[in-house]
Amino acid sequence: MAIKLYNPTTPGRRGMTSQDFDAITTRKPLRSLLVPQRRGNGRNNQGRITTRHKGGGAKKFYRIVNFNLAAGTQVTVEHIEYDPNRSTRIARVKEANGVYHYILAAKGMTVGQVVESGAEAPIENGNRLPIKNIPVGSTIHAIEIKEGKGAQMVRSAGNSAQLMGRENGYAQVRLPSGEVRLINENCTASIGVLGNEQHQNIKIGKAGRNRHLGKRPGVRGVVMNAADHPHGGGDGGRHGIGGGKNHGSAPKTPWGQKTLGFKTRKRKDTNNMIVRSRHSAKRK
């Protein structure tokens with residue numbers, strides 16, 4: 001997948017880039033696998049904004065993606081499609097009995113390719129197997145954490161993990177963040193790298209394009225009043241984070257919680273599954 005460039009016909013077009021949709025074989029999704037999406041605009045069930053800077057955007061349907069293709073299933077890729085809800089592409093696949101599914105499209109997946117799931121599936125791009133049947137050193141994606149739950153990790157564009165080794169019923173997997181984690185070897189994963197790898201290099205170009213994506217403007221705390229943000233206030237024009245009586249203090253959210261160095265991890269019961277933290281390289 002390449003990046004599409006534009007001529008600088010307007011200031012917004014100058015430097016703007018977008019995805020190249022050449023790999024997509026149809027622009028018409030399968031209606032039976034579409035679900036209407038309710039727009040929350042960052043609000044919870046009480047109508048209060050719990051996630052800021054969300055709202056508006058183009059209308060879109062959710063595509064029902066099968067993250068847990070049943071063992072023994074053999075499907076044929078009919079189309080590679082665009083999914084507005086995720087960065088990677090999805091593949092429309094069909095079973096021999098006529099049942100359709102959407103699955104995550106691996107890099108290099110093509111129309112007509114046969115994708116298999118199960119312990120006896122060959123080690124080929126896009127196939128899904130238990131980790132214990134995948135050769136050490138292989139590149140994998142769409143990894144299960146809990147057996148039978150379906151793909152939970154490594155699902156975004158261009159991402160992949162590497163199977164480092166196996167011991168005592170667990171596999172060591174190096175994730176895209178650099179973390180090395182133990183995963184039950186009976187959990188499944190798909191072979192290969194996810195497609196649309198140039199997604200991270202797209203330049204938005206103009207503010208209106210972010211509005212189409214449902215992203216509303218974010219205002220810096222240092223330009224607010226002291227009553228509106230911990231970073232606000234202060235005399236004499238520009239100032240650093242804090243300002244006023246809070247000048248020099250650690251960066252905070254509008255509600256006073258620290259934003260740097262504040263640990264947000266809650267699943268302490270799975271700490272023993274982490275062999276190497278993703279932060280270990282930063283500490284050296």
# chains A, B, ... in the order shown; residues from 1 in each chain; ligands from 1
>>> residues_around(residues="Gly15 in chain A", least_positions_apart="5", cutoff="10 Å", atoms="only C-alpha atoms", output="list in words")
Leu5, Tyr6, Asn7, Pro8, Ile202, Lys203, Ile204, Gly205 and Lys206 of chain A
>>> closest_residue(among="A:Val99, A:Ile3, A:Val275, A:Ile145", to="Ser32 in chain A", atoms="only C-alpha atoms")
A:Val99
>>> residues_around(residues="range 174-178 of chain A", least_positions_apart="5", cutoff="7 Å", atoms="only C-alpha atoms", output="number ranges by chain")
A: 159-164, 278
>>> residues_around(residues="Cys187 in chain A", least_positions_apart="6", cutoff="8 Å", atoms="only C-alpha atoms", output="compact mmCIF listing (two decimals) with C-alpha atoms, in the first residue's frame")
# COMPACT_ATOMS: atom_id res chain seq x y z
CA PRO A 130 -2.99 -22.65 17.95
CA ILE A 131 0.29 -21.03 18.99
CA ILE A 143 -3.58 -13.07 19.08
CA GLU A 144 -5.85 -14.53 21.73
CA ILE A 145 -5.15 -13.82 25.40
CA LYS A 146 -7.89 -16.02 26.85
CA GLU A 147 -8.42 -19.34 25.13
CA GLY A 148 -11.59 -19.41 23.02
>>> closest_residue(among="A:Glu167, A:Asp228, A:Asp20, A:Glu185", to="Arg89 in chain A", atoms="only C-alpha atoms")
A:Asp20
>>> select_by_dssp(residues="range 8-163 of chain A", states="strand (DSSP E)", output="ChimeraX atom specification")
/A:17-19,34-36,61-63,74-81,90-95,100-104,114-116,128-130,139-141,161-163
>>> closest_residue(among="A:Gly195, A:Gly40, A:Gly256, A:Gly236", to="Phe21 in chain A", atoms="only C-alpha atoms")
A:Gly195
>>> atom_distance(atom1="CA of Asp22 in chain A", atom2="CA of Asn210 in chain A")
22.9 Å
>>> residues_around(residues="His199 in chain A", least_positions_apart="4", cutoff="9 Å", atoms="only C-alpha atoms", output="JSON, numbers by chain")
{"A": [1, 3, 18, 19, 87, 88, 157, 158]}
>>> closest_atom_pairs(of="range 119-226 of chain A", to="range 64-83 of chain A", cutoff="7 Å", atoms="only C-alpha atoms", output="CSV")
residue,atom,partner,partner_atom,distance
A:Lys149,CA,A:Asn68,CA,7.0
A:Gly150,CA,A:Asn68,CA,4.2
A:Ala151,CA,A:Phe67,CA,5.1
>>> closest_residue(among="A:Ala2, A:Ile90, A:Leu194, A:Val136", to="Arg27 in chain A", atoms="only C-alpha atoms")
A:Ile90
>>> residues_around(residues="Leu30 in chain A", least_positions_apart="4", cutoff="9 Å", atoms="only C-alpha atoms", output="JSON, numbers by chain")
{"A": [34, 63, 92, 100]}
>>> write_last_selection(atoms="N, CA and C atoms", output="PDB file, in the first residue's frame")
ATOM      1  N   LEU A  34     -23.504  -5.765   8.418  1.00  0.00           N
ATOM      2  CA  LEU A  34     -23.461  -4.373   8.870  1.00  0.00           C
ATOM      3  C   LEU A  34     -24.420  -4.168  10.035  1.00  0.00           C
ATOM      4  N   ARG A  63     -18.888  -2.986  10.907  1.00  0.00           N
ATOM      5  CA  ARG A  63     -18.739  -4.274  10.227  1.00  0.00           C
ATOM      6  C   ARG A  63     -18.518  -5.369  11.276  1.00  0.00           C
ATOM      7  N   ARG A  92     -13.585 -10.041   3.049  1.00  0.00           N
ATOM      8  CA  ARG A  92     -14.860 -10.751   3.031  1.00  0.00           C
ATOM      9  C   ARG A  92     -14.584 -12.175   2.554  1.00  0.00           C
ATOM     10  N   TYR A 100     -20.985 -16.142   5.026  1.00  0.00           N
ATOM     11  CA  TYR A 100     -19.984 -15.088   4.869  1.00  0.00           C
ATOM     12  C   TYR A 100     -19.446 -14.651   6.236  1.00  0.00           C
TER      13      TYR A 100
END
>>> closest_residue(among="A:Asn44, A:Thr17, A:Ser138, A:Asn85", to="Ala58 in chain A", atoms="only C-alpha atoms")
A:Asn85
>>> atom_distance(atom1="CA of Glu197 in chain A", atom2="CA of Lys107 in chain A")
8.2 Å
>>> closest_residue(among="A:Ser117, A:Thr139, A:Thr270, A:Asn97", to="Val173 in chain A", atoms="only C-alpha atoms")
A:Thr139
>>> atom_distance(atom1="CA of Thr25 in chain A", atom2="CA of Leu104 in chain A")
14.9 Å
